[in-house]
file my_file-v3.cif (mmCIF, C-alpha atoms)
data_structure
loop_
_atom_site.label_atom_id
_atom_site.label_comp_id
_atom_site.auth_asym_id
_atom_site.auth_seq_id
_atom_site.Cartn_x
_atom_site.Cartn_y
_atom_site.Cartn_z
CA MET A 78 114.78 -21.46 -167.22
CA MET A 79 115.76 -23.23 -170.38
CA HIS A 80 113.79 -22.77 -173.58
CA SER A 81 112.88 -26.47 -173.45
CA ASP A 82 111.30 -25.91 -170.00
CA LEU A 83 109.08 -23.17 -171.40
CA LEU A 84 108.07 -25.38 -174.33
CA GLU A 85 107.07 -28.14 -171.87
CA ILE A 86 104.89 -25.70 -169.91
CA ILE A 87 103.23 -24.61 -173.15
CA LYS A 88 102.74 -28.21 -174.32
CA ASN A 89 101.24 -29.27 -170.99
CA ARG A 90 98.72 -26.43 -170.70
CA ARG A 91 95.21 -27.87 -170.76
CA SER A 92 91.60 -26.91 -170.33
CA ILE A 93 90.71 -28.51 -167.02
CA TYR A 94 87.04 -28.43 -166.11
CA PRO A 95 85.47 -27.80 -162.70
CA VAL A 96 84.47 -31.45 -162.28
CA GLU A 97 88.20 -32.10 -161.61
CA TYR A 98 88.71 -29.27 -159.10
CA ASN A 99 89.54 -30.59 -155.64
CA GLY A 100 88.02 -27.84 -153.50
CA SER A 101 91.32 -26.40 -152.25
CA GLU A 102 91.55 -22.63 -152.06
CA ILE A 103 93.42 -20.51 -154.57
CA THR A 104 95.31 -18.12 -152.33
CA ALA A 105 95.41 -14.37 -152.79
CA GLU A 106 99.11 -14.68 -153.62
CA GLU A 107 98.44 -17.28 -156.32
CA LEU A 108 95.65 -15.20 -157.81
CA SER A 109 97.90 -12.16 -157.80
CA LEU A 110 100.58 -14.08 -159.78
CA ILE A 111 97.98 -15.27 -162.29
CA LEU A 112 96.66 -11.74 -162.84
CA GLU A 113 100.18 -10.30 -163.02
CA ALA A 114 101.02 -12.83 -165.75
CA ALA A 115 97.98 -11.62 -167.69
CA ASN A 116 99.11 -8.04 -167.36
CA TRP A 117 102.31 -8.74 -169.33
CA ALA A 118 100.55 -9.72 -172.55
CA PRO A 119 101.43 -7.66 -175.61
CA SER A 120 99.02 -5.13 -177.06
CA HIS A 121 99.19 -2.92 -180.13
CA LYS A 122 99.80 0.72 -179.19
CA LYS A 123 100.08 -0.43 -175.57
CA THR A 124 96.33 -0.28 -175.09
CA GLU A 125 96.33 -3.10 -172.48
CA PRO A 126 92.63 -3.82 -173.16
CA TRP A 127 92.19 -6.83 -170.85
CA ARG A 128 89.89 -6.41 -167.87
CA PHE A 129 89.01 -9.00 -165.24
CA LYS A 130 86.35 -9.14 -162.58
CA VAL A 131 87.15 -11.61 -159.78
CA VAL A 132 84.12 -13.61 -158.63
CA LYS A 133 84.37 -15.41 -155.28
CA GLY A 134 82.12 -16.26 -152.33
CA ASP A 135 78.56 -14.93 -152.48
CA ALA A 136 79.27 -13.32 -155.86
CA LYS A 137 79.65 -16.86 -157.28
CA ASN A 138 76.13 -17.70 -156.11
CA ARG A 139 74.78 -14.54 -157.74
CA LEU A 140 76.63 -15.44 -160.96
CA LYS A 141 75.22 -18.97 -160.85
CA GLU A 142 71.65 -17.69 -160.49
CA PHE A 143 72.21 -15.07 -163.21
CA MET A 144 73.55 -17.68 -165.66
CA LYS A 145 70.68 -20.06 -164.99
CA ARG A 146 68.12 -17.26 -165.45
CA VAL A 147 69.67 -16.04 -168.71
CA TYR A 148 69.87 -19.59 -170.06
CA ILE A 149 66.21 -20.24 -169.23
CA GLN A 150 65.03 -16.89 -170.64
CA SER A 151 67.03 -17.20 -173.86
CA THR A 152 66.21 -20.83 -174.66
CA ASP A 153 63.05 -22.09 -176.34
CA PRO A 154 61.04 -23.98 -173.68
CA GLU A 155 61.06 -27.19 -175.73
CA LYS A 156 64.89 -27.02 -175.94
CA LEU A 157 65.52 -26.36 -172.22
CA SER A 158 67.81 -28.90 -170.63
CA GLU A 159 67.81 -29.65 -166.90
CA ARG A 160 71.30 -31.10 -167.40
CA LYS A 161 72.51 -27.78 -168.85
CA ILE A 162 71.02 -25.89 -165.88
CA HIS A 163 72.71 -28.33 -163.50
CA ASP A 164 76.05 -27.99 -165.35
CA LEU A 165 75.93 -24.17 -165.18
CA ALA A 166 75.38 -24.37 -161.41
CA GLU A 167 78.04 -27.02 -160.88
CA LYS A 168 80.71 -24.99 -162.70
CA CYS A 169 80.18 -22.14 -160.24
CA ASP A 170 79.91 -24.39 -157.20
CA ARG A 171 83.07 -26.37 -157.95
CA SER A 172 85.23 -23.39 -159.00
CA ASP A 173 87.17 -21.65 -156.25
CA THR A 174 87.57 -18.48 -158.31
CA ILE A 175 85.89 -17.27 -161.48
CA LEU A 176 87.17 -14.42 -163.62
CA LEU A 177 84.94 -12.51 -165.99
CA ILE A 178 87.10 -11.71 -169.01
CA SER A 179 86.42 -8.40 -170.75
CA LEU A 180 88.10 -6.20 -173.28
CA GLN A 181 88.11 -2.43 -173.17
CA ASP A 182 87.70 -1.08 -176.69
CA THR A 183 89.99 1.94 -176.75
CA GLN A 184 89.10 2.95 -180.33
CA LYS A 185 92.87 3.22 -180.96
CA VAL A 186 93.12 -0.07 -182.86
CA PRO A 187 90.59 -2.41 -184.50
CA GLU A 188 88.50 -4.35 -181.97
CA TRP A 189 89.91 -7.68 -183.19
CA GLU A 190 93.35 -6.52 -182.06
CA GLU A 191 91.98 -5.76 -178.59
CA LEU A 192 90.41 -9.23 -178.53
CA ALA A 193 93.69 -10.81 -179.64
CA ALA A 194 95.58 -8.98 -176.88
CA THR A 195 92.99 -10.07 -174.33
CA ALA A 196 93.31 -13.67 -175.54
CA MET A 197 97.08 -13.43 -175.07
CA ALA A 198 96.51 -12.21 -171.51
CA VAL A 199 94.28 -15.23 -170.91
CA GLN A 200 96.94 -17.53 -172.37
CA ASN A 201 99.46 -16.04 -169.93
CA MET A 202 97.06 -16.80 -167.06
CA TRP A 203 96.53 -20.31 -168.39
CA LEU A 204 100.26 -20.95 -168.52
CA MET A 205 100.75 -19.62 -164.99
CA CYS A 206 97.92 -21.83 -163.74
CA ALA A 207 99.56 -24.82 -165.44
CA THR A 208 102.68 -24.31 -163.31
CA MET A 209 100.63 -24.09 -160.07
CA ASN A 210 98.31 -27.14 -160.30
CA ILE A 211 95.38 -24.83 -160.89
CA GLY A 212 92.90 -26.09 -163.45
CA CYS A 213 91.13 -23.56 -165.61
CA TYR A 214 89.25 -23.06 -168.79
CA TRP A 215 87.73 -20.23 -170.81
CA SER A 216 84.03 -20.53 -171.55
CA SER A 217 82.10 -18.10 -173.72
CA PRO A 218 78.38 -18.90 -173.66
CA LEU A 219 77.13 -16.23 -176.04
CA ASN A 220 73.74 -15.61 -174.44
CA ILE A 221 75.33 -15.17 -171.01
CA ILE A 222 78.34 -13.01 -171.91
CA ALA A 223 76.17 -10.81 -174.13
CA ASN A 224 74.03 -10.01 -171.08
CA MET A 225 76.80 -9.73 -168.46
CA GLU A 226 75.95 -6.06 -167.88
CA GLU A 227 72.86 -7.37 -166.04
CA TYR A 228 75.14 -9.16 -163.56
CA THR A 229 77.78 -6.46 -163.09
CA PRO A 230 78.30 -2.96 -164.46
CA MET A 231 80.67 -2.53 -167.39
CA GLU A 232 82.63 0.59 -168.25
CA ASP A 233 81.86 2.44 -171.48
CA GLY A 234 83.41 0.40 -174.28
CA GLU A 235 83.92 -2.66 -172.07
CA LYS A 236 82.66 -5.96 -173.44
CA CYS A 237 82.58 -9.34 -171.70
CA VAL A 238 84.19 -12.03 -173.87
CA GLY A 239 84.28 -14.98 -171.52
CA ILE A 240 84.22 -16.67 -168.16
CA PHE A 241 87.44 -18.18 -166.77
CA TYR A 242 86.75 -20.94 -164.26
CA MET A 243 89.60 -21.87 -161.89
CA GLY A 244 90.20 -24.43 -159.18
CA LYS A 245 93.04 -26.40 -157.64
CA VAL A 246 93.61 -29.86 -159.10
CA ASP A 247 95.53 -32.93 -158.07
CA PRO A 248 98.67 -33.31 -160.19
CA ARG A 249 98.45 -35.89 -162.96
CA GLU A 250 99.76 -36.28 -166.46
CA ARG A 251 97.48 -34.74 -169.09
CA LEU A 252 98.74 -35.69 -172.52
CA ALA A 253 97.62 -34.18 -175.76
CA THR A 254 98.69 -34.38 -179.36
CA ARG A 255 99.08 -31.93 -182.17
CA ASN A 256 99.49 -32.49 -185.86
CA PRO A 257 103.07 -31.75 -186.96
CA ILE A 258 103.87 -28.07 -187.38
CA GLU A 259 105.28 -28.88 -190.83
CA GLU A 260 101.68 -29.43 -191.99
CA LYS A 261 100.85 -25.84 -191.04
CA VAL A 262 103.86 -23.88 -192.30
CA LYS A 263 104.93 -22.90 -195.79
CA TYR A 264 108.30 -21.29 -196.43
CA LEU A 265 108.16 -18.72 -199.20
CA SER A 266 111.38 -18.17 -201.08
CA TYR A 267 110.24 -16.15 -204.06
#
call {"tool": "encode", "arguments": {"input": "my_file-v3.cif", "output": "structure tokens"}}
result
Amino acid sequence: MMHSDLLEIIKNRRSIYPVEYNGSEITAEELSLILEAANWAPSHKKTEPWRFKVVKGDAKNRLKEFMKRVYIQSTDPEKLSERKIHDLAEKCDRSDTILLISLQDTQKVPEWEELAATAMAVQNMWLMCATMNIGCYWSSPLNIIANMEEYTPMEDGEKCVGIFYMGKVDPRERLATRNPIEEKVKYLSY
């Protein structure tokens, strides 16, 4: 692979939402590649803090009901939105596979470093998905991830930091723009 090929993969990575998923199955082999890509993220002191729980089948229905319940219980009744409840359900229904993203705080480095390493693992998954016509995005609804222990047990020191929705998508061009890097870099020569 040429360096320009890698840059194109990076530039074409997008958040693709479940409304665009086409219902095709993500195979076990594809999921294995995605998780293996995550496993090669860097981490300070080689702590490898990323943890993933794979949610498929009936577990998706349990997750859907859990998320709806937590949203309803944690929202003032006058602020409840039927659309929000519908959207939570639809994300689960339209996703083939959902990953719960957690970090394991090893106490060997500051927690922000464990979170940064976990985010790099997610970026690796995102890039792998981009090469496989698998749409995905990382969601982090605070009230839901803060209560994830109610849905599934967590190890001591494990903390859920997001939900990664995934589904196959039909190929199409997805353009984005960035401001020039020159606006974000200063060269110090003193």
call {"tool": "closest_atom_pairs", "arguments": {"input": "my_file-v3.cif", "of": "segment 202-236 of chain A", "to": "segment 85-107 of chain A", "cutoff": "8 Å", "atoms": "only C-alpha atoms", "output": "JSON lines"}}
result
{"residue": "A:Trp203", "atom": "CA", "partner": "A:Arg90", "partner_atom": "CA", "distance": 6.9}
{"residue": "A:Leu204", "atom": "CA", "partner": "A:Arg90", "partner_atom": "CA", "distance": 6.1}
{"residue": "A:Ala207", "atom": "CA", "partner": "A:Arg90", "partner_atom": "CA", "distance": 5.6}
{"residue": "A:Thr208", "atom": "CA", "partner": "A:Ile86", "partner_atom": "CA", "distance": 7.1}
{"residue": "A:Ile211", "atom": "CA", "partner": "A:Ile103", "partner_atom": "CA", "distance": 7.9}
{"residue": "A:Gly212", "atom": "CA", "partner": "A:Ile93", "partner_atom": "CA", "distance": 4.8}
{"residue": "A:Cys213", "atom": "CA", "partner": "A:Ile93", "partner_atom": "CA", "distance": 5.2}
{"residue": "A:Tyr214", "atom": "CA", "partner": "A:Ser92", "partner_atom": "CA", "distance": 4.8}
{"residue": "A:Trp215", "atom": "CA", "partner": "A:Ser92", "partner_atom": "CA", "distance": 7.7}
call {"tool": "residues_around", "arguments": {"input": "my_file-v3.cif", "residues": "Ile178 of chain A", "least_positions_apart": "2", "cutoff": "10 Å", "atoms": "only C-alpha atoms", "output": "ChimeraX atom specification"}}
result
/A:127-131,175-176,180,195-196,198-199,215-217,222,236-241
call {"tool": "closest_residue", "arguments": {"input": "my_file-v3.cif", "among": "A:Asp173, A:Glu167, A:Glu155, A:Glu227", "to": "Gly134 of chain A", "atoms": "all atoms listed in the file"}}
result
A:Asp173
call {"tool": "closest_residue", "arguments": {"input": "my_file-v3.cif", "among": "A:Val262, A:Leu219, A:Leu192, A:Met205", "to": "Thr124 of chain A", "atoms": "only C-alpha atoms"}}
result
A:Leu192
call {"tool": "atom_distance", "arguments": {"input": "my_file-v3.cif", "atom1": "atom CA of Ser179 of chain A", "atom2": "atom CA of Met209 of chain A"}}
result
23.7 Å
call {"tool": "atom_distance", "arguments": {"input": "my_file-v3.cif", "atom1": "atom CA of Asn210 of chain A", "atom2": "atom CA of Pro248 of chain A"}}
result
6.2 Å
call {"tool": "atom_distance", "arguments": {"input": "my_file-v3.cif", "atom1": "atom CA of Glu191 of chain A", "atom2": "atom CA of Phe143 of chain A"}}
result
26.7 Å
call {"tool": "decode", "arguments": {"input": "my_file-v3.cif", "residues": "segment 132-149 of chain A", "atoms": "C-alpha atoms", "output": "PDB file, in the first residue's frame"}}
result
ATOM      1  CA  VAL A 132     -24.099  -7.131  21.063  1.00  0.00           C
ATOM      2  CA  LYS A 133     -26.057  -9.139  18.482  1.00  0.00           C
ATOM      3  CA  GLY A 134     -29.386 -10.949  18.211  1.00  0.00           C
ATOM      4  CA  ASP A 135     -31.551 -10.996  21.344  1.00  0.00           C
ATOM      5  CA  ALA A 136     -28.912  -9.000  23.222  1.00  0.00           C
ATOM      6  CA  LYS A 137     -29.693  -6.070  20.874  1.00  0.00           C
ATOM      7  CA  ASN A 138     -33.337  -6.185  21.951  1.00  0.00           C
ATOM      8  CA  ARG A 139     -32.304  -6.182  25.613  1.00  0.00           C
ATOM      9  CA  LEU A 140     -29.987  -3.223  24.924  1.00  0.00           C
ATOM     10  CA  LYS A 141     -32.790  -1.371  23.136  1.00  0.00           C
ATOM     11  CA  GLU A 142     -35.178  -1.835  26.067  1.00  0.00           C
ATOM     12  CA  PHE A 143     -32.449  -0.875  28.558  1.00  0.00           C
ATOM     13  CA  MET A 144     -31.630   2.341  26.670  1.00  0.00           C
ATOM     14  CA  LYS A 145     -35.280   3.333  26.391  1.00  0.00           C
ATOM     15  CA  ARG A 146     -35.832   2.680  30.114  1.00  0.00           C
ATOM     16  CA  VAL A 147     -32.753   4.666  31.178  1.00  0.00           C
ATOM     17  CA  TYR A 148     -33.708   7.556  28.899  1.00  0.00           C
ATOM     18  CA  ILE A 149     -37.247   7.660  30.316  1.00  0.00           C
TER      19      ILE A 149
END
